[in-house]
Amino acid sequence: MDPANARARNGVERVTQVYLDEARDALAQNRLGLAAQGLKAAAAVDPKNPNLVILSNQLQRLQFLEAEQQRLQAEADDRISKAQEIADERAALNLKSGVRAYYEGDYKRAVQFLAPLAQDGEPQAQVRVARMLLLGRGTDRDKPRAMGMFSTALAPVQLAAREGNAWAQSDLADYFVDGFVIDKDLGTAAFWYHKAAEQGYAPAQTNLGWLYFNGYEDVAPNRAVAVHWFSEAAAQGNQTAVRNLQVLGEAVPGQGGS
C-alpha cells in the first residue's frame with residue numbers, strides 16, 4: 001500500500017519471483033497447466049512485472065502449438081485408420097477371390113491372391129497355400145514349406161473354429177483327416193465337419209458326405225446321409241459335390257436329372 005516502502009517492494013518482488021520461477025520450470029517440462037497456475041499467482045501479486053508478460057506470451061504460444069500438435073495427430077490417426085480400413089477391405093476381397101478360385105480349381109489364380117495374404121499371416125490363406133504347395137497345384141511342390149505353413153496356421157485355425165467360424169471348423173477337420181501336424185482322428189474330423197456343414201459351409205458338407213460314404217471308425221458307411229450332404233453342397237455350386245452325385249447316379253440339385 002506504500003509505494004515508497006522498499007522492504008515491501010522487495011518482499012513483493014521475492015514472492016513474485018518464486019511464482020515466476022515455478023512457471024519457468026513448468027514451461028521447461030512442458031507442464032503447461034502448472035505453468036499457468038504459477039503465472040496466475042504471480043499476476044495476483046505483481047501484475048506489472050515485465051517477466052510476467054514474457055512468460056505469459058511464451059505460455060500462450062506453447063498452448064497453441066500443443067493444440068495444433070494434437071489436432072494434426074488426430075488427423076494423422078484418422079488417415080492411418082482409414083488407410084488400414086482400406087487395406088483390410090482389399091485383403092478381405094482378395095481372400096474371397098482367392099478362396100473362390102481355389103474351390104473352382106483355378107489354382108494359379110488362387111496362389112496369386114492367397115500367397116501374399118499367407119505371407120502376412122492370414123490363416124485361411126495359409127492353409128490353402130500349404131495344400132497347393134503340398135500337391136503342386138498352381139505352384140511348385142514344396143512339402144517342407146507346406147508343413148511349416150500348416151503348423152503356423154494351426155493355432156489360429158483352432159481359435160477361429162472355437163469361435164464358430166465355419167471355414168475354420170472345416171479346416172480344423174481337414175487337419176484331423178490329414179494327420180500331418182496333429183494325430184489323425186476321423187471321429188474328431190466328423191465333429192468339426194458337422195459344425196461347419198450345419199452352418200451351410202459347402203466344402204465341409206462335401207467332406208462330411210465323403211466320410212459318411214466311406215464310413216469312419218465305428219460309423220458304418222451310409223450312402224443316404226452322404227448323398228444328403230453332397231446335395232446340400234452341390235446346391236451351392238460345389239463342383240466336387242456335383243461330381244460325386246454324378247458318379248453315384250444321383251440327381252444334382254438344379255439340374256433336374258442324374
# chains A, B, ... in the order shown; residues from 1 in each chain; ligands from 1

$ residues_around --residues "range 37-39 of chain A" --least-positions-apart "2" --cutoff "8 Å" --atoms "only C-alpha atoms" --output "PyMOL selection string"
chain A and resi 19-20+22-23+33-35+41-43+52+55-56

$ write_last_selection --atoms "C-alpha atoms" --output "mmCIF file, in the first residue's frame"
data_model
loop_
_atom_site.group_PDB
_atom_site.id
_atom_site.type_symbol
_atom_site.label_atom_id
_atom_site.label_comp_id
_atom_site.auth_asym_id
_atom_site.auth_seq_id
_atom_site.Cartn_x
_atom_site.Cartn_y
_atom_site.Cartn_z
ATOM 1 C CA TYR A 19 5.913 -17.944 -8.730
ATOM 2 C CA LEU A 20 7.734 -16.911 -11.912
ATOM 3 C CA GLU A 22 7.837 -22.153 -10.746
ATOM 4 C CA ALA A 23 6.264 -21.132 -14.056
ATOM 5 C CA GLY A 33 -1.277 -26.268 -16.679
ATOM 6 C CA LEU A 34 1.144 -25.889 -13.782
ATOM 7 C CA ALA A 35 2.865 -23.001 -15.566
ATOM 8 C CA ALA A 41 -0.345 -16.406 -8.835
ATOM 9 C CA ALA A 42 2.462 -14.065 -9.953
ATOM 10 C CA ALA A 43 -0.049 -11.789 -11.691
ATOM 11 C CA LEU A 52 5.165 -11.926 -16.348
ATOM 12 C CA LEU A 55 6.350 -15.816 -19.764
ATOM 13 C CA SER A 56 2.631 -15.376 -20.440
#

$ closest_atom_pairs --of "range 42-122 of chain A" --to "range 198-204 of chain A" --cutoff "12 Å" --atoms "only C-alpha atoms" --output "Markdown table"
| residue | atom | partner | partner_atom | distance |
| --- | --- | --- | --- | --- |
| A:Val99 | CA | A:Pro203 | CA | 11.0 |
| A:Arg100 | CA | A:Pro203 | CA | 11.2 |
| A:Tyr102 | CA | A:Pro203 | CA | 11.2 |
| A:Tyr103 | CA | A:Pro203 | CA | 8.3 |
| A:Glu104 | CA | A:Pro203 | CA | 11.4 |

$ residues_around --residues "Ala155 in chain A" --least-positions-apart "2" --cutoff "12 Å" --atoms "only C-alpha atoms" --output "PDB file with C-alpha atoms, in the first residue's frame"
ATOM      1  CA  GLY A 121      -0.249 -64.408 -41.559  1.00  0.00           C
ATOM      2  CA  GLU A 122      -3.832 -64.908 -42.765  1.00  0.00           C
ATOM      3  CA  PRO A 123      -4.592 -68.495 -41.597  1.00  0.00           C
ATOM      4  CA  GLN A 124      -7.368 -69.167 -44.112  1.00  0.00           C
ATOM      5  CA  GLN A 126      -2.068 -70.207 -45.266  1.00  0.00           C
ATOM      6  CA  VAL A 127      -3.992 -73.485 -45.127  1.00  0.00           C
ATOM      7  CA  MET A 149       2.720 -73.305 -43.141  1.00  0.00           C
ATOM      8  CA  PHE A 150       0.253 -75.917 -41.888  1.00  0.00           C
ATOM      9  CA  SER A 151       1.948 -75.776 -38.483  1.00  0.00           C
ATOM     10  CA  THR A 152       1.910 -71.978 -38.379  1.00  0.00           C
ATOM     11  CA  ALA A 153      -1.788 -71.808 -39.242  1.00  0.00           C
ATOM     12  CA  VAL A 157      -7.460 -72.066 -37.084  1.00  0.00           C
ATOM     13  CA  GLN A 158      -8.214 -73.773 -33.764  1.00  0.00           C
ATOM     14  CA  LEU A 159      -9.084 -70.433 -32.182  1.00  0.00           C
ATOM     15  CA  ALA A 160     -11.313 -69.382 -35.083  1.00  0.00           C
ATOM     16  CA  ALA A 161     -13.030 -72.793 -35.031  1.00  0.00           C
ATOM     17  CA  ARG A 162     -13.826 -72.465 -31.334  1.00  0.00           C
ATOM     18  CA  ALA A 168     -12.017 -72.716 -39.612  1.00  0.00           C
ATOM     19  CA  ASP A 171     -10.140 -76.552 -41.979  1.00  0.00           C
ATOM     20  CA  LEU A 172      -9.585 -77.961 -38.500  1.00  0.00           C
ATOM     21  CA  TYR A 175      -6.139 -81.356 -40.066  1.00  0.00           C
ATOM     22  CA  VAL A 181       0.776 -81.915 -37.882  1.00  0.00           C
ATOM     23  CA  ILE A 182      -1.728 -83.462 -35.427  1.00  0.00           C
TER      24      ILE A 182
END

$ closest_residue --among "A:Ala196, A:Leu154, A:Arg109, A:Pro253" --to "Phe176 in chain A" --atoms "only C-alpha atoms"
A:Leu154

$ atom_distance --atom1 "CA of Ser97 in chain A" --atom2 "CA of Phe113 in chain A"
7.0 Å

$ closest_residue --among "A:Ser170, A:Gly254, A:Glu85, A:Gly136" --to "Phe191 in chain A" --atoms "only C-alpha atoms"
A:Ser170

$ select_by_dssp --residues "range 23-239 of chain A" --states "alpha helix (DSSP H)" --output "JSON, numbers by chain"
{"A": [23, 24, 25, 26, 27, 28, 32, 33, 34, 35, 36, 37, 38, 39, 40, 41, 42, 43, 44, 45, 50, 51, 52, 53, 54, 55, 56, 57, 58, 59, 60, 61, 62, 63, 64, 65, 66, 67, 68, 69, 70, 71, 72, 73, 74, 75, 76, 77, 78, 79, 80, 81, 82, 83, 84, 85, 86, 87, 88, 89, 90, 91, 92, 93, 94, 95, 96, 97, 98, 99, 100, 101, 102, 103, 107, 108, 109, 110, 111, 112, 113, 114, 115, 116, 117, 118, 119, 123, 124, 125, 126, 127, 128, 129, 130, 131, 132, 133, 134, 135, 143, 144, 145, 146, 147, 148, 149, 150, 151, 152, 153, 154, 155, 156, 157, 158, 159, 160, 161, 162, 166, 167, 168, 169, 170, 171, 172, 173, 174, 175, 176, 177, 178, 186, 187, 188, 189, 190, 191, 192, 193, 194, 195, 196, 197, 202, 203, 204, 205, 206, 207, 208, 209, 210, 211, 212, 213, 214, 223, 224, 225, 226, 227, 228, 229, 230, 231, 232, 233, 234, 239]}

$ atom_distance --atom1 "CA of Trp210 in chain A" --atom2 "CA of Gly237 in chain A"
16.7 Å

$ closest_residue --among "A:Arg31, A:Ala115, A:Asp78, A:Glu163" --to "Ala91 in chain A" --atoms "only C-alpha atoms"
A:Ala115

$ closest_residue --among "A:Asn51, A:Asn207, A:Gln17, A:Ser231" --to "Glu250 in chain A" --atoms "only C-alpha atoms"
A:Ser231
